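K.L.:
Could you have a look at this structure, given as structure tokens, before my questions?
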Amino acid sequence: MIGELHHELELHVPATEAWDLFGTLRIGQLVAEELPQLFQSVELTEGDGGVGTVLKLTFAPGVGGPKGYKEKFTKIDNANRVKETEVVEGGYLELGFSLFRVRFEVIEKGEESSIIKSTIEYELNEDNASNASLVSIQSLATIAELAKSYLNKNNPSTH
């Protein structure tokens, strides 16, 4: 079973500013600081933010789905502003998923606006097909909203 979920949100900052957040480790740091209701911790376990970097995500108690997992940065395309991560240990892999990929894409909309497109792609063996209901785009939507608020607050051109 293969599935895909999407979320898009307009940001009132240039694409380059949005990418400076999403294309680096800063988004993980921001999430860890500002979303304790979702994430208990986001730890850098390997790398420096480039391809091959591994983060250990631990979800807050009460958050549905897996308790946590390790994800690896598998693609960082600065020219097209695309970052992809894949679960490499624990979490969804323990629930019968053979692939769980998150993609952030920053799309230029205008000189002072951009769109953050968040995508989850997954593959799940048929024996565990009912676990597809555990996949939700909501946490990525929450991260996008947090990023929008943070970028607006820290963007001199919006003041």
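Chain identifiers are assigned as A, B, and so on, following the order in which chains appear in the structure tokens; residues are numbered from 1 within each chain, and ligands are numbered from 1 in order of appearance.
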Mind the document's chain letters and residue numbers, and return as a PyMOL selection string the residues of segment 4-115 of chain A that DSSP labels strand (DSSP E or B).

P.N.:
chain A and resi 4-11+39-46+54-59+68-77+82-90+97-110+113-115

K.L.:
Counting only C-alpha atoms, which residues of segment 53-106 of chain A fall within 9 Å of segment 11-22 of chain A, and what is the closest atom pair for each with its distance in Å at one decimal, ordered by chain and rising number, as a Markdown table?

P.N.:
| residue | atom | partner | partner_atom | distance |
| --- | --- | --- | --- | --- |
| A:Asn78 | CA | A:Trp19 | CA | 8.1 |
| A:Arg81 | CA | A:Trp19 | CA | 6.3 |
| A:Val82 | CA | A:Trp19 | CA | 8.6 |
| A:Lys83 | CA | A:Phe22 | CA | 7.7 |
| A:Phe104 | CA | A:Phe22 | CA | 7.1 |
| A:Glu105 | CA | A:Phe22 | CA | 8.4 |
| A:Val106 | CA | A:Ala15 | CA | 6.1 |

K.L.:
Go ahead and dump the residues you just picked, C-alpha atoms, as an mmCIF file, in the first residue's frame.

P.N.:
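Written out: again-v2.cif:
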data_model
loop_
_atom_site.group_PDB
_atom_site.id
_atom_site.type_symbol
_atom_site.label_atom_id
_atom_site.label_comp_id
_atom_site.auth_asym_id
_atom_site.auth_seq_id
_atom_site.Cartn_x
_atom_site.Cartn_y
_atom_site.Cartn_z
ATOM 1 C CA ASN A 78 19.280 24.215 -2.262
ATOM 2 C CA ARG A 81 14.564 24.384 -2.050
ATOM 3 C CA VAL A 82 13.616 20.768 -1.338
ATOM 4 C CA LYS A 83 14.550 18.770 1.771
ATOM 5 C CA PHE A 104 9.535 20.186 2.721
ATOM 6 C CA GLU A 105 9.476 22.281 -0.423
ATOM 7 C CA VAL A 106 9.688 26.072 -0.396
#

K.L.:
Need to verify the contact set: segment 41-47 of chain A, 9 Å, only C-alpha atoms, exclusion of same-chain residues closer than 2 positions in sequence. Can you return it as a short mmCIF file (atom, residue, chain, number, x, y, z; two decimals) with all heavy atoms, in the first residue's frame?

P.N.:
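Result went into result-v2.cif, see below:
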data_model
loop_
_atom_site.label_atom_id
_atom_site.label_comp_id
_atom_site.auth_asym_id
_atom_site.auth_seq_id
_atom_site.Cartn_x
_atom_site.Cartn_y
_atom_site.Cartn_z
N LEU A 25 19.15 22.93 10.02
CA LEU A 25 18.76 22.34 11.30
C LEU A 25 17.88 23.27 12.12
O LEU A 25 17.29 22.85 13.12
CB LEU A 25 20.02 22.00 12.12
CG LEU A 25 20.85 20.83 11.61
CD1 LEU A 25 22.18 20.76 12.36
CD2 LEU A 25 20.08 19.53 11.74
N GLY A 28 14.31 22.13 13.13
CA GLY A 28 14.27 21.15 14.23
C GLY A 28 14.46 21.80 15.58
O GLY A 28 13.79 21.46 16.56
N GLN A 29 15.36 22.79 15.64
CA GLN A 29 15.59 23.51 16.89
C GLN A 29 14.36 24.31 17.29
O GLN A 29 13.96 24.32 18.46
CB GLN A 29 16.81 24.43 16.73
CG GLN A 29 18.10 23.67 16.53
CD GLN A 29 19.21 24.54 15.93
OE1 GLN A 29 18.96 25.59 15.35
NE2 GLN A 29 20.43 24.06 16.04
N VAL A 31 11.22 23.73 16.43
CA VAL A 31 10.17 22.78 16.82
C VAL A 31 10.39 22.30 18.25
O VAL A 31 9.46 22.24 19.05
CB VAL A 31 10.13 21.61 15.81
CG1 VAL A 31 9.39 20.41 16.36
CG2 VAL A 31 9.51 22.07 14.50
N ALA A 32 11.63 21.95 18.56
CA ALA A 32 11.93 21.45 19.91
C ALA A 32 11.64 22.51 20.97
O ALA A 32 11.13 22.19 22.04
CB ALA A 32 13.39 21.01 19.98
N GLU A 33 11.94 23.78 20.65
CA GLU A 33 11.73 24.87 21.61
C GLU A 33 10.26 25.28 21.74
O GLU A 33 9.78 25.57 22.83
CB GLU A 33 12.53 26.11 21.19
CG GLU A 33 14.02 25.94 21.29
CD GLU A 33 14.78 27.05 20.57
OE1 GLU A 33 14.17 28.06 20.17
OE2 GLU A 33 16.00 26.89 20.40
N PRO A 36 6.47 21.92 22.58
CA PRO A 36 6.63 20.84 23.56
C PRO A 36 5.40 19.94 23.65
O PRO A 36 5.51 18.80 24.11
CB PRO A 36 6.90 21.58 24.87
CG PRO A 36 6.26 22.93 24.67
CD PRO A 36 6.43 23.23 23.21
N PHE A 39 6.53 17.59 20.59
CA PHE A 39 7.85 16.96 20.63
C PHE A 39 8.48 17.10 22.00
O PHE A 39 8.66 18.21 22.50
CB PHE A 39 8.78 17.60 19.58
CG PHE A 39 8.33 17.37 18.17
CD1 PHE A 39 7.51 18.28 17.54
CD2 PHE A 39 8.71 16.22 17.50
CE1 PHE A 39 7.08 18.07 16.23
CE2 PHE A 39 8.28 16.00 16.20
CZ PHE A 39 7.47 16.92 15.56
N GLY A 49 23.70 18.84 9.41
CA GLY A 49 22.58 19.47 8.72
C GLY A 49 22.54 19.16 7.24
O GLY A 49 21.56 19.47 6.57
N GLY A 50 23.59 18.54 6.72
CA GLY A 50 23.62 18.16 5.31
C GLY A 50 23.03 16.78 5.10
O GLY A 50 22.54 16.14 6.04
N VAL A 51 23.08 16.29 3.86
CA VAL A 51 22.61 14.94 3.56
C VAL A 51 23.36 13.96 4.45
O VAL A 51 24.57 14.07 4.65
CB VAL A 51 22.82 14.61 2.06
CG1 VAL A 51 22.56 13.14 1.78
CG2 VAL A 51 21.91 15.48 1.19
N GLY A 52 22.64 13.01 5.02
CA GLY A 52 23.23 12.03 5.93
C GLY A 52 23.03 12.37 7.40
O GLY A 52 23.25 11.55 8.28
N THR A 53 22.60 13.59 7.69
CA THR A 53 22.33 14.00 9.07
C THR A 53 21.20 13.13 9.64
O THR A 53 20.24 12.83 8.94
CB THR A 53 21.93 15.49 9.12
OG1 THR A 53 23.06 16.26 8.73
CG2 THR A 53 21.47 15.91 10.50
N VAL A 54 21.34 12.74 10.89
CA VAL A 54 20.32 11.94 11.57
C VAL A 54 19.82 12.68 12.80
O VAL A 54 20.61 13.16 13.61
CB VAL A 54 20.87 10.55 11.97
CG1 VAL A 54 19.82 9.75 12.73
CG2 VAL A 54 21.34 9.77 10.74
N LEU A 55 18.50 12.79 12.90
CA LEU A 55 17.85 13.37 14.07
C LEU A 55 17.04 12.29 14.77
O LEU A 55 16.42 11.45 14.11
CB LEU A 55 16.88 14.48 13.67
CG LEU A 55 17.44 15.73 13.00
CD1 LEU A 55 16.30 16.70 12.68
CD2 LEU A 55 18.48 16.41 13.86
N LYS A 56 17.04 12.33 16.09
CA LYS A 56 16.19 11.45 16.88
C LYS A 56 15.03 12.30 17.40
O LYS A 56 15.24 13.25 18.16
CB LYS A 56 16.97 10.84 18.04
CG LYS A 56 16.12 9.92 18.90
CD LYS A 56 16.91 9.35 20.06
CE LYS A 56 16.02 8.46 20.91
NZ LYS A 56 16.70 8.06 22.15
N LEU A 57 13.82 11.95 16.96
CA LEU A 57 12.61 12.67 17.37
C LEU A 57 11.90 11.85 18.43
O LEU A 57 11.63 10.67 18.22
CB LEU A 57 11.69 12.87 16.17
CG LEU A 57 12.29 13.54 14.94
CD1 LEU A 57 11.34 13.48 13.77
CD2 LEU A 57 12.64 14.97 15.25
N THR A 58 11.57 12.48 19.55
CA THR A 58 10.79 11.83 20.59
C THR A 58 9.53 12.67 20.78
O THR A 58 9.61 13.87 21.05
CB THR A 58 11.58 11.75 21.91
OG1 THR A 58 12.82 11.09 21.67
CG2 THR A 58 10.78 10.98 22.96
N PHE A 59 8.39 12.03 20.58
CA PHE A 59 7.12 12.75 20.69
C PHE A 59 6.69 12.88 22.14
O PHE A 59 7.04 12.07 22.99
CB PHE A 59 6.04 12.04 19.85
CG PHE A 59 6.36 12.05 18.39
CD1 PHE A 59 6.91 10.94 17.78
CD2 PHE A 59 6.16 13.19 17.63
CE1 PHE A 59 7.25 10.96 16.43
CE2 PHE A 59 6.48 13.22 16.29
CZ PHE A 59 7.03 12.11 15.69
N ALA A 60 5.92 13.92 22.40
CA ALA A 60 5.42 14.17 23.75
C ALA A 60 4.42 13.07 24.13
O ALA A 60 3.74 12.52 23.26
CB ALA A 60 4.74 15.54 23.81
N LYS A 70 14.14 7.73 14.47
CA LYS A 70 15.28 8.43 13.91
C LYS A 70 15.00 8.67 12.44
O LYS A 70 14.52 7.77 11.74
CB LYS A 70 16.57 7.63 14.07
CG LYS A 70 17.11 7.64 15.47
CD LYS A 70 18.47 6.98 15.54
CE LYS A 70 19.02 7.05 16.96
NZ LYS A 70 20.34 6.38 17.04
N LYS A 72 16.70 10.40 8.75
CA LYS A 72 17.93 10.80 8.07
C LYS A 72 17.60 11.76 6.95
O LYS A 72 16.63 11.55 6.22
CB LYS A 72 18.63 9.57 7.49
CG LYS A 72 19.94 9.89 6.76
CD LYS A 72 20.53 8.65 6.12
CE LYS A 72 21.52 8.04 7.09
NZ LYS A 72 22.30 6.96 6.46
#

K.L.:
Under the rule of at most 8 Å, produce a per-residue listing of segment 11-97 of chain A near segment 118-139 of chain A: chain, number, name, the closest pair of atoms, and the distance in Å, as a tab-separated table, using only C-alpha atoms.

P.N.:
residue	atom	partner	partner_atom	distance
A:Leu38	CA	A:Ser139	CA	7.6
A:Gly64	CA	A:Leu134	CA	7.5
A:Gly65	CA	A:Leu134	CA	5.6
A:Leu95	CA	A:Asn131	CA	6.9
A:Gly96	CA	A:Asn128	CA	5.6
A:Phe97	CA	A:Leu124	CA	4.2

K.L.:
What gap, in Å, lies between atom CA of Glu84 of chain A and atom CA of Val102 of chain A?

P.N.:
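These atoms are spaced 5.6 Å apart.
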
K.L.:
Between A:Leu30, A:Val87, A:Ala79, A:Leu35, single out the one closest to Glu108 of chain A, counting only C-alpha atoms.

P.N.:
A:Ala79

K.L.:
Kindly indicate which residue among A:Leu99, A:Met1, A:Leu140, A:Leu93 lies nearest to Ile116 of chain A, using only C-alpha atoms for the distances.

P.N.:
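Ranked by minimum distance to Ile116 of chain A, first place goes to A:Leu140.
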
K.L.:
By how many Å are atom CA of Leu146 of chain A and atom CA of Lys109 of chain A apart?

P.N.:
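Computing it gives 19.4 Å between the two atoms.
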
K.L.:
Give the answer as one residue: which of A:Glu34, A:Glu4, A:Asn152, A:Thr24 has the shortest atom-to-atom distance to Phe73 of chain A, using only C-alpha atoms?

P.N.:
A:Thr24

K.L.:
Go through chain A and collect every residue that DSSP, computed from the backbone, puts in helix (DSSP H, G or I); the answer should be as a PyMOL selection string.

P.N.:
chain A and resi 15-22+26-34+91-95+126-134+138-153+156-158
